[in-house]
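Source file: run-v4.pdb. Holds: PDB, C-alpha atoms and all ligand atoms.
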```pdb
ATOM      1  CA  MET N 909      50.866 -54.594 -23.356  1.00  0.00           C
ATOM      2  CA  PHE N 910      50.385 -55.765 -19.786  1.00  0.00           C
ATOM      3  CA  PRO N 911      51.864 -57.190 -17.697  1.00  0.00           C
ATOM      4  CA  HIS N 912      54.913 -55.354 -18.996  1.00  0.00           C
ATOM      5  CA  PRO N 913      58.372 -56.785 -18.152  1.00  0.00           C
ATOM      6  CA  VAL N 914      60.787 -53.908 -17.496  1.00  0.00           C
ATOM      7  CA  ASP N 915      63.614 -56.382 -16.942  1.00  0.00           C
ATOM      8  CA  ALA N 916      64.013 -59.951 -15.694  1.00  0.00           C
ATOM      9  CA  GLN N 917      63.020 -58.996 -12.136  1.00  0.00           C
ATOM     10  CA  THR N 918      60.640 -56.065 -12.548  1.00  0.00           C
ATOM     11  CA  THR N 919      57.104 -56.036 -13.956  1.00  0.00           C
ATOM     12  CA  LEU N 920      54.548 -53.273 -14.477  1.00  0.00           C
ATOM     13  CA  ARG N 921      50.825 -53.986 -14.255  1.00  0.00           C
ATOM     14  CA  ILE N 922      47.991 -51.505 -14.639  1.00  0.00           C
ATOM     15  CA  LEU N 923      46.536 -51.150 -11.141  1.00  0.00           C
ATOM     16  CA  LEU N 924      43.245 -53.052 -10.947  1.00  0.00           C
ATOM     17  CA  PRO N 925      40.744 -53.378  -8.081  1.00  0.00           C
ATOM     18  CA  ARG N 926      42.296 -56.721  -7.094  1.00  0.00           C
ATOM     19  CA  HIS N 927      45.593 -54.934  -6.298  1.00  0.00           C
ATOM     20  CA  ALA N 928      44.076 -52.690  -3.596  1.00  0.00           C
ATOM     21  CA  GLY N 929      45.293 -54.930  -0.748  1.00  0.00           C
ATOM     22  CA  GLU N 930      48.907 -54.969  -1.918  1.00  0.00           C
ATOM     23  CA  LEU N 931      48.851 -51.237  -2.646  1.00  0.00           C
ATOM     24  CA  PHE N 932      47.430 -50.364   0.756  1.00  0.00           C
ATOM     25  CA  ALA N 933      49.852 -52.676   2.600  1.00  0.00           C
ATOM     26  CA  ALA N 934      52.792 -50.952   0.893  1.00  0.00           C
ATOM     27  CA  VAL N 935      51.448 -47.508   1.792  1.00  0.00           C
ATOM     28  CA  GLU N 936      50.722 -48.513   5.385  1.00  0.00           C
ATOM     29  CA  ALA N 937      54.222 -49.942   5.901  1.00  0.00           C
ATOM     30  CA  ASN N 938      55.868 -46.845   4.370  1.00  0.00           C
ATOM     31  CA  ARG N 939      53.714 -44.030   5.678  1.00  0.00           C
ATOM     32  CA  ALA N 940      56.481 -41.857   7.154  1.00  0.00           C
ATOM     33  CA  HIS N 941      58.803 -42.423   4.182  1.00  0.00           C
ATOM     34  CA  LEU N 942      56.138 -41.488   1.596  1.00  0.00           C
ATOM     35  CA  ARG N 943      54.627 -38.630   3.590  1.00  0.00           C
ATOM     36  CA  GLU N 944      57.828 -36.616   3.291  1.00  0.00           C
ATOM     37  CA  TRP N 945      57.200 -35.944  -0.418  1.00  0.00           C
ATOM     38  CA  LEU N 946      53.664 -37.076  -1.287  1.00  0.00           C
ATOM     39  CA  PRO N 947      50.506 -35.156  -0.329  1.00  0.00           C
ATOM     40  CA  TRP N 948      47.894 -37.933  -0.123  1.00  0.00           C
ATOM     41  CA  LEU N 949      49.000 -40.042   2.860  1.00  0.00           C
ATOM     42  CA  ASP N 950      46.524 -38.628   5.368  1.00  0.00           C
ATOM     43  CA  GLY N 951      43.680 -39.369   2.952  1.00  0.00           C
ATOM     44  CA  THR N 952      44.712 -43.040   2.673  1.00  0.00           C
ATOM     45  CA  ARG N 953      43.677 -44.641   5.944  1.00  0.00           C
ATOM     46  CA  GLU N 954      42.183 -47.989   4.941  1.00  0.00           C
ATOM     47  CA  GLU N 955      42.219 -50.447   2.056  1.00  0.00           C
ATOM     48  CA  ARG N 956      39.000 -48.926   0.759  1.00  0.00           C
ATOM     49  CA  ASP N 957      40.863 -45.650   0.109  1.00  0.00           C
ATOM     50  CA  SER N 958      43.369 -47.515  -2.081  1.00  0.00           C
ATOM     51  CA  ALA N 959      40.474 -49.245  -3.860  1.00  0.00           C
ATOM     52  CA  LEU N 960      38.842 -45.850  -4.506  1.00  0.00           C
ATOM     53  CA  PHE N 961      42.154 -44.490  -5.826  1.00  0.00           C
ATOM     54  CA  ILE N 962      42.431 -47.408  -8.259  1.00  0.00           C
ATOM     55  CA  ASP N 963      38.843 -46.945  -9.346  1.00  0.00           C
ATOM     56  CA  GLU N 964      39.411 -43.218 -10.002  1.00  0.00           C
ATOM     57  CA  GLN N 965      42.577 -43.952 -11.964  1.00  0.00           C
ATOM     58  CA  LEU N 966      40.788 -46.512 -14.145  1.00  0.00           C
ATOM     59  CA  ARG N 967      38.075 -43.970 -14.945  1.00  0.00           C
ATOM     60  CA  LYS N 968      40.752 -41.402 -15.776  1.00  0.00           C
ATOM     61  CA  PHE N 969      42.458 -43.957 -18.038  1.00  0.00           C
ATOM     62  CA  ALA N 970      39.212 -44.553 -19.904  1.00  0.00           C
ATOM     63  CA  LYS N 971      38.659 -40.815 -20.359  1.00  0.00           C
ATOM     64  CA  THR N 972      42.180 -39.502 -20.975  1.00  0.00           C
ATOM     65  CA  GLY N 973      44.594 -42.401 -21.580  1.00  0.00           C
ATOM     66  CA  ALA N 974      46.536 -41.563 -18.392  1.00  0.00           C
ATOM     67  CA  PHE N 975      47.128 -44.888 -16.609  1.00  0.00           C
ATOM     68  CA  VAL N 976      48.829 -45.918 -13.390  1.00  0.00           C
ATOM     69  CA  CYS N 977      50.891 -49.082 -12.880  1.00  0.00           C
ATOM     70  CA  GLY N 978      51.968 -51.040  -9.862  1.00  0.00           C
ATOM     71  CA  ILE N 979      55.611 -52.144  -9.846  1.00  0.00           C
ATOM     72  CA  TRP N 980      56.481 -55.707  -8.819  1.00  0.00           C
ATOM     73  CA  HIS N 981      60.114 -56.557  -8.161  1.00  0.00           C
ATOM     74  CA  ARG N 982      60.883 -60.241  -7.655  1.00  0.00           C
ATOM     75  CA  ARG N 983      57.082 -60.693  -7.402  1.00  0.00           C
ATOM     76  CA  VAL N 984      56.784 -58.251  -4.487  1.00  0.00           C
ATOM     77  CA  PHE N 985      54.757 -55.054  -4.842  1.00  0.00           C
ATOM     78  CA  VAL N 986      57.270 -52.195  -4.431  1.00  0.00           C
ATOM     79  CA  GLY N 987      55.704 -49.021  -5.803  1.00  0.00           C
ATOM     80  CA  VAL N 988      53.710 -47.093  -8.327  1.00  0.00           C
ATOM     81  CA  ILE N 989      54.447 -45.192 -11.538  1.00  0.00           C
ATOM     82  CA  GLY N 990      51.929 -43.557 -13.794  1.00  0.00           C
ATOM     83  CA  TYR N 991      50.846 -40.753 -16.016  1.00  0.00           C
ATOM     84  CA  ASN N 992      49.583 -37.879 -13.868  1.00  0.00           C
ATOM     85  CA  SER N 993      48.186 -36.431 -17.079  1.00  0.00           C
ATOM     86  CA  VAL N 994      48.284 -36.833 -20.845  1.00  0.00           C
ATOM     87  CA  ASP N 995      47.581 -33.655 -22.787  1.00  0.00           C
ATOM     88  CA  TRP N 996      46.763 -34.855 -26.302  1.00  0.00           C
ATOM     89  CA  PRO N 997      46.425 -31.448 -28.040  1.00  0.00           C
ATOM     90  CA  LYS N 998      49.783 -30.330 -26.608  1.00  0.00           C
ATOM     91  CA  ARG N 999      51.315 -33.815 -26.956  1.00  0.00           C
ATOM     92  CA  SER N1000      52.702 -33.513 -23.445  1.00  0.00           C
ATOM     93  CA  ALA N1001      52.615 -36.154 -20.688  1.00  0.00           C
ATOM     94  CA  VAL N1002      53.452 -35.824 -16.983  1.00  0.00           C
ATOM     95  CA  ILE N1003      54.829 -38.821 -15.037  1.00  0.00           C
ATOM     96  CA  GLY N1004      54.820 -39.410 -11.257  1.00  0.00           C
ATOM     97  CA  TYR N1005      56.198 -42.246  -9.086  1.00  0.00           C
ATOM     98  CA  TRP N1006      57.027 -43.666  -5.665  1.00  0.00           C
ATOM     99  CA  LEU N1007      58.854 -46.677  -4.234  1.00  0.00           C
ATOM    100  CA  VAL N1008      58.720 -48.356  -0.850  1.00  0.00           C
ATOM    101  CA  ARG N1009      61.723 -47.485   1.260  1.00  0.00           C
ATOM    102  CA  ASN N1010      63.499 -50.857   1.128  1.00  0.00           C
ATOM    103  CA  ALA N1011      63.268 -51.097  -2.680  1.00  0.00           C
ATOM    104  CA  GLN N1012      65.283 -47.906  -3.152  1.00  0.00           C
ATOM    105  CA  GLY N1013      68.883 -47.863  -4.342  1.00  0.00           C
ATOM    106  CA  ARG N1014      68.643 -50.574  -7.018  1.00  0.00           C
ATOM    107  CA  GLY N1015      67.705 -48.531 -10.073  1.00  0.00           C
ATOM    108  CA  ILE N1016      64.162 -49.922 -10.156  1.00  0.00           C
ATOM    109  CA  MET N1017      62.455 -46.553 -10.638  1.00  0.00           C
ATOM    110  CA  THR N1018      64.932 -45.304 -13.207  1.00  0.00           C
ATOM    111  CA  ALA N1019      64.238 -48.462 -15.252  1.00  0.00           C
ATOM    112  CA  CYS N1020      60.449 -48.093 -14.873  1.00  0.00           C
ATOM    113  CA  CYS N1021      60.616 -44.432 -15.785  1.00  0.00           C
ATOM    114  CA  ARG N1022      62.693 -45.227 -18.855  1.00  0.00           C
ATOM    115  CA  ALA N1023      59.973 -47.682 -19.907  1.00  0.00           C
ATOM    116  CA  PHE N1024      57.230 -45.080 -19.357  1.00  0.00           C
ATOM    117  CA  VAL N1025      59.126 -42.466 -21.357  1.00  0.00           C
ATOM    118  CA  GLY N1026      59.500 -45.014 -24.150  1.00  0.00           C
ATOM    119  CA  HIS N1027      55.757 -45.628 -24.011  1.00  0.00           C
ATOM    120  CA  ALA N1028      55.003 -41.900 -24.120  1.00  0.00           C
ATOM    121  CA  PHE N1029      57.121 -41.323 -27.220  1.00  0.00           C
ATOM    122  CA  THR N1030      56.269 -44.509 -29.127  1.00  0.00           C
ATOM    123  CA  GLU N1031      52.721 -45.617 -28.263  1.00  0.00           C
ATOM    124  CA  TYR N1032      51.332 -42.174 -27.379  1.00  0.00           C
ATOM    125  CA  GLU N1033      53.478 -40.177 -29.829  1.00  0.00           C
ATOM    126  CA  MET N1034      54.066 -37.389 -27.302  1.00  0.00           C
ATOM    127  CA  GLU N1035      56.422 -34.518 -28.104  1.00  0.00           C
ATOM    128  CA  ARG N1036      57.582 -34.051 -24.535  1.00  0.00           C
ATOM    129  CA  VAL N1037      57.540 -35.838 -21.183  1.00  0.00           C
ATOM    130  CA  VAL N1038      57.498 -33.844 -17.963  1.00  0.00           C
ATOM    131  CA  ILE N1039      58.502 -34.809 -14.416  1.00  0.00           C
ATOM    132  CA  THR N1040      58.153 -32.185 -11.707  1.00  0.00           C
ATOM    133  CA  VAL N1041      60.142 -32.764  -8.525  1.00  0.00           C
ATOM    134  CA  ALA N1042      60.121 -30.866  -5.251  1.00  0.00           C
ATOM    135  CA  THR N1043      63.334 -28.915  -4.815  1.00  0.00           C
ATOM    136  CA  GLY N1044      65.051 -30.637  -1.898  1.00  0.00           C
ATOM    137  CA  ASN N1045      64.147 -34.175  -3.061  1.00  0.00           C
ATOM    138  CA  PRO N1046      67.491 -35.212  -4.600  1.00  0.00           C
ATOM    139  CA  ARG N1047      66.646 -38.927  -4.912  1.00  0.00           C
ATOM    140  CA  SER N1048      63.681 -38.083  -7.090  1.00  0.00           C
ATOM    141  CA  GLN N1049      65.532 -35.370  -9.031  1.00  0.00           C
ATOM    142  CA  ALA N1050      68.279 -37.894  -9.862  1.00  0.00           C
ATOM    143  CA  ILE N1051      65.808 -39.919 -11.955  1.00  0.00           C
ATOM    144  CA  PRO N1052      65.050 -37.321 -14.674  1.00  0.00           C
ATOM    145  CA  ASP N1053      68.709 -36.235 -14.488  1.00  0.00           C
ATOM    146  CA  ARG N1054      69.849 -39.818 -15.236  1.00  0.00           C
ATOM    147  CA  LEU N1055      67.449 -40.098 -18.160  1.00  0.00           C
ATOM    148  CA  GLY N1056      68.636 -36.900 -19.849  1.00  0.00           C
ATOM    149  CA  PHE N1057      65.751 -34.572 -18.967  1.00  0.00           C
ATOM    150  CA  ARG N1058      66.582 -30.853 -18.945  1.00  0.00           C
ATOM    151  CA  ARG N1059      65.707 -28.635 -16.013  1.00  0.00           C
ATOM    152  CA  GLU N1060      63.589 -25.894 -17.582  1.00  0.00           C
ATOM    153  CA  GLY N1061      62.749 -23.855 -14.510  1.00  0.00           C
ATOM    154  CA  ILE N1062      61.209 -23.639 -11.082  1.00  0.00           C
ATOM    155  CA  LEU N1063      57.469 -23.774 -10.396  1.00  0.00           C
ATOM    156  CA  ARG N1064      57.102 -21.668  -7.276  1.00  0.00           C
ATOM    157  CA  GLU N1065      54.920 -23.102  -4.502  1.00  0.00           C
ATOM    158  CA  ALA N1066      53.773 -25.832  -6.868  1.00  0.00           C
ATOM    159  CA  GLU N1067      52.551 -28.152  -4.129  1.00  0.00           C
ATOM    160  CA  VAL N1068      51.208 -28.081  -0.591  1.00  0.00           C
ATOM    161  CA  LEU N1069      52.722 -30.860   1.538  1.00  0.00           C
ATOM    162  CA  TYR N1070      50.676 -30.760   4.745  1.00  0.00           C
ATOM    163  CA  ASP N1071      52.130 -27.791   6.669  1.00  0.00           C
ATOM    164  CA  ARG N1072      54.506 -26.469   3.992  1.00  0.00           C
ATOM    165  CA  LYS N1073      54.547 -25.276   0.417  1.00  0.00           C
ATOM    166  CA  VAL N1074      57.285 -26.596  -1.844  1.00  0.00           C
ATOM    167  CA  ASP N1075      58.731 -25.379  -5.128  1.00  0.00           C
ATOM    168  CA  HIS N1076      59.103 -27.867  -7.971  1.00  0.00           C
ATOM    169  CA  THR N1077      61.802 -28.219 -10.594  1.00  0.00           C
ATOM    170  CA  LEU N1078      60.293 -28.610 -14.067  1.00  0.00           C
ATOM    171  CA  ASN N1079      62.157 -31.425 -15.849  1.00  0.00           C
ATOM    172  CA  VAL N1080      61.396 -31.944 -19.522  1.00  0.00           C
ATOM    173  CA  LEU N1081      62.535 -34.489 -22.081  1.00  0.00           C
ATOM    174  CA  TRP N1082      61.749 -33.499 -25.668  1.00  0.00           C
ATOM    175  CA  ARG N1083      61.280 -36.117 -28.354  1.00  0.00           C
ATOM    176  CA  GLU N1084      64.415 -34.872 -30.196  1.00  0.00           C
ATOM    177  CA  GLU N1085      66.538 -35.395 -27.091  1.00  0.00           C
ATOM    178  CA  TRP N1086      65.113 -38.807 -26.207  1.00  0.00           C
ATOM    179  CA  ARG N1087      67.758 -41.473 -26.740  1.00  0.00           C
ATOM    180  CA  GLY N1088      65.310 -43.728 -28.526  1.00  0.00           C
ATOM    181  CA  TRP N1089      64.853 -46.462 -25.931  1.00  0.00           C
ATOM    182  CA  ASN N1090      61.634 -48.332 -26.291  1.00  0.00           C
ATOM    183  CA  TRP N1091      58.660 -49.257 -24.126  1.00  0.00           C
TER     184      TRP N1091
HETATM  185  C1  LIG W   1      61.972 -40.960  -5.599  1.00  0.00           C
HETATM  186  C2  LIG W   1      62.275 -42.443  -5.429  1.00  0.00           C
HETATM  187  C3  LIG W   1      61.374 -43.276  -6.329  1.00  0.00           C
HETATM  188  C4  LIG W   1      63.745 -42.672  -5.833  1.00  0.00           C
HETATM  189  O1  LIG W   1      64.102 -44.004  -5.536  1.00  0.00           O
HETATM  190  P1  LIG W   1      65.581 -44.531  -5.900  1.00  0.00           P
HETATM  191  O2  LIG W   1      65.691 -45.913  -5.432  1.00  0.00           O
HETATM  192  O3  LIG W   1      66.588 -43.535  -5.459  1.00  0.00           O
HETATM  193  O4  LIG W   1      65.557 -44.527  -7.506  1.00  0.00           O
HETATM  194  P2  LIG W   1      65.966 -45.744  -8.440  1.00  0.00           P
HETATM  195  O5  LIG W   1      65.093 -46.912  -8.185  1.00  0.00           O
HETATM  196  O6  LIG W   1      66.029 -45.210  -9.795  1.00  0.00           O
HETATM  197  O7  LIG W   1      67.407 -46.133  -7.914  1.00  0.00           O
HETATM  198  C5  LIG W   1      68.493 -45.249  -8.020  1.00  0.00           C
HETATM  199  C6  LIG W   1      69.526 -45.686  -7.013  1.00  0.00           C
HETATM  200  O8  LIG W   1      69.912 -47.027  -7.320  1.00  0.00           O
HETATM  201  C7  LIG W   1      71.298 -47.042  -7.706  1.00  0.00           C
HETATM  202  N1  LIG W   1      71.362 -47.970  -8.841  1.00  0.00           N
HETATM  203  C8  LIG W   1      71.775 -49.249  -8.754  1.00  0.00           C
HETATM  204  N2  LIG W   1      71.676 -49.834  -9.949  1.00  0.00           N
HETATM  205  C9  LIG W   1      71.218 -48.904 -10.811  1.00  0.00           C
HETATM  206  C10 LIG W   1      70.906 -48.908 -12.186  1.00  0.00           C
HETATM  207  N3  LIG W   1      71.063 -50.002 -12.930  1.00  0.00           N
HETATM  208  N4  LIG W   1      70.397 -47.784 -12.756  1.00  0.00           N
HETATM  209  C11 LIG W   1      70.216 -46.680 -12.023  1.00  0.00           C
HETATM  210  N5  LIG W   1      70.500 -46.606 -10.703  1.00  0.00           N
HETATM  211  C12 LIG W   1      70.993 -47.722 -10.103  1.00  0.00           C
HETATM  212  C13 LIG W   1      71.638 -45.605  -8.018  1.00  0.00           C
HETATM  213  O9  LIG W   1      73.002 -45.353  -7.812  1.00  0.00           O
HETATM  214  C14 LIG W   1      70.786 -44.886  -7.017  1.00  0.00           C
HETATM  215  O10 LIG W   1      71.320 -45.029  -5.727  1.00  0.00           O
HETATM  216  P3  LIG W   1      71.975 -43.780  -4.936  1.00  0.00           P
HETATM  217  O11 LIG W   1      70.842 -42.797  -4.699  1.00  0.00           O
HETATM  218  O12 LIG W   1      72.463 -44.397  -3.689  1.00  0.00           O
HETATM  219  O13 LIG W   1      72.999 -43.250  -5.854  1.00  0.00           O
HETATM  220  C15 LIG W   1      62.097 -42.869  -3.938  1.00  0.00           C
HETATM  221  O14 LIG W   1      63.086 -42.244  -3.154  1.00  0.00           O
HETATM  222  C16 LIG W   1      60.727 -42.507  -3.377  1.00  0.00           C
HETATM  223  O15 LIG W   1      59.734 -43.114  -3.734  1.00  0.00           O
HETATM  224  N6  LIG W   1      60.664 -41.494  -2.479  1.00  0.00           N
HETATM  225  C17 LIG W   1      59.435 -41.114  -1.813  1.00  0.00           C
HETATM  226  C18 LIG W   1      58.358 -40.601  -2.758  1.00  0.00           C
HETATM  227  C19 LIG W   1      58.864 -39.586  -3.728  1.00  0.00           C
HETATM  228  O16 LIG W   1      59.709 -38.768  -3.427  1.00  0.00           O
HETATM  229  N7  LIG W   1      58.304 -39.641  -4.950  1.00  0.00           N
HETATM  230  C20 LIG W   1      58.668 -38.713  -6.015  1.00  0.00           C
HETATM  231  C21 LIG W   1      57.866 -37.487  -5.931  1.00  0.00           C
HETATM  232  S1  LIG W   1      58.343 -36.379  -7.264  1.00  0.00           S
END
```
Mind turning this structure into structure tokens?
Ligand SMILES: CC(C)(COP(=O)(O)OP(=O)(O)OC[C@H]1O[C@@H](n2cnc3c(N)ncnc32)[C@H](O)[C@@H]1OP(=O)(O)O)[C@@H](O)C(=O)NCCC(=O)NCCS
Amino acid sequence: MFPHPVDAQTTLRILLPRHAGELFAAVEANRAHLREWLPWLDGTREERDSALFIDEQLRKFAKTGAFVCGIWHRRVFVGVIGYNSVDWPKRSAVIGYWLVRNAQGRGIMTACCRAFVGHAFTEYEMERVVITVATGNPRSQAIPDRLGFRREGILREAEVLYDRKVDHTLNVLWREEWRGWNW
């Protein structure tokens, strides 16, 4: 249930229209940092774009169950984690995430990701959780590695990042290999 305490200092909340200001401020202050690995920065120019994103995600949640959370650390908005997709027939969920630059290096995203994986296996009864990471993004790759995901292969030219195409590593955690931590 929400808000969801990940630990004493970190809370997840489903992104709602009232969070658009905080979301946009975080994006605006971290544009160069986020643009290195995320494709949507040039399409987020004003608070209204963040509000539209939240609106789209809420519609997607209603239709598919895939929801997106803001992350607050010591009451400050520091990033986003969410289901990119939930495939119910295949029982497979894909997770994506980002943090503002100055919140990195404290284990915040690993803890949030652990909570999401717990949610996927317990509440949503998924059989596998997938995180795809651009090859060459070691900070992001370290998160599924820490949580025991297996690297199952390379998705060639999986994403266009502005002027370049990047390959992704396919990281998968199967229910049998999940260490049983909870949501
Ligand atoms: C990917 C991203 C979320 C990783 O952030 P991060 O801070 O490295 O990840 P975490 O919050 O899990 O923190 C891990 C770091 O905290 C340290 N740490 C401290 N306490 C920790 C704990 N209890 N548990 C785990 N790590 C801990 C780890 O050693 C690691 O630091 P290191 O890289 O210096 O070894 C961030 O770099 C980012 O948003 N980048 C831009 C967008 C992006 O790439 N998104 C992903 C697209 S696939």
TODO: Name the residues that the PyMOL selection byres (((chain N and resi 936) around 12) and not hetatm) pulls out of this structure, and write them as a ChimeraX atom specification.
DONE: /N:928-935,937-943,949-955,957-958,1008-1009
Those selected residues, please, written with C-alpha atoms and delivered as a CSV table (one decimal), keeping the file's coordinate frame.
```
chain,number,residue,atom,x,y,z
N,928,ALA,CA,44.1,-52.7,-3.6
N,929,GLY,CA,45.3,-54.9,-0.7
N,930,GLU,CA,48.9,-55.0,-1.9
N,931,LEU,CA,48.9,-51.2,-2.6
N,932,PHE,CA,47.4,-50.4,0.8
N,933,ALA,CA,49.9,-52.7,2.6
N,934,ALA,CA,52.8,-51.0,0.9
N,935,VAL,CA,51.4,-47.5,1.8
N,937,ALA,CA,54.2,-49.9,5.9
N,938,ASN,CA,55.9,-46.8,4.4
N,939,ARG,CA,53.7,-44.0,5.7
N,940,ALA,CA,56.5,-41.9,7.2
N,941,HIS,CA,58.8,-42.4,4.2
N,942,LEU,CA,56.1,-41.5,1.6
N,943,ARG,CA,54.6,-38.6,3.6
N,949,LEU,CA,49.0,-40.0,2.9
N,950,ASP,CA,46.5,-38.6,5.4
N,951,GLY,CA,43.7,-39.4,3.0
N,952,THR,CA,44.7,-43.0,2.7
N,953,ARG,CA,43.7,-44.6,5.9
N,954,GLU,CA,42.2,-48.0,4.9
N,955,GLU,CA,42.2,-50.4,2.1
N,957,ASP,CA,40.9,-45.6,0.1
N,958,SER,CA,43.4,-47.5,-2.1
N,1008,VAL,CA,58.7,-48.4,-0.8
N,1009,ARG,CA,61.7,-47.5,1.3
```
Open item on the list: Taking all atoms listed in the file and a cut-off of 8 Å, can you tell me which residues surround ligand LIG 1 (chain W), written as a PyMOL selection string?
Closed with: chain N and resi 941-946+987+1004-1009+1011-1019+1039-1042+1045+1047-1051+1054
Open item on the list: Starting from the PyMOL selection byres (((chain N and resi 914) around 10) and not hetatm), expand the selection into actual residues of this file and give them as a VMD selection string.
Closed with: chain N and resid 911 to 913 915 to 920 979 to 981 1016 1019 to 1024 1091
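For the pair atom CA of N:Gly1026 and atom CA of N:Arg967, the separation is 23.3 Å.
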- [ ] Tell me which of N:Ile962, N:Leu923, N:Val1002, N:Val1025 sits closest to N:Gly978, counting only C-alpha atoms.
- [x]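 Closest residue, counting only C-alpha atoms: N:Leu923.
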- [ ] Give as a PyMOL selection string the set of residues within 8 Å of the point (65.6, -36.5, -24.3), where distances use the file's coordinates and all atoms listed in the file.
- [x] chain N and resi 1055-1058+1080-1087
Open item on the list: Once the PyMOL selection byres (((chain N and resi 1076) around 7) and not hetatm) has been evaluated on this model, what residues remain selected, and can you format them as a PyMOL selection string?
Closed with: chain N and resi 1040-1043+1062-1064+1066+1074-1075+1077-1078
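Straight-line separation from atom CA of N:Tyr991 to atom CA of N:Phe975: 5.6 Å.
Using only C-alpha atoms, the shortest contact distance between N:Asp963 and any of N:Asp1053, N:His927, N:Ala1001, N:Glu1031 is found at N:His927.
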Open item on the list: So, with only C-alpha atoms as the atoms that count, which of N:Lys971, N:Arg926, N:Lys998, N:Arg956 lies closest to N:Val1037?
Closed with: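 Between N:Lys971, N:Arg926, N:Lys998, N:Arg956, the residue approaching N:Val1037 most closely is N:Lys998.
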TODO: Please measure the separation of atom CA of N:Arg1059 and atom CA of N:Thr972, giving the value in Å to one decimal.
DONE: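 Going from atom CA of N:Arg1059 over to atom CA of N:Thr972 covers 26.4 Å.
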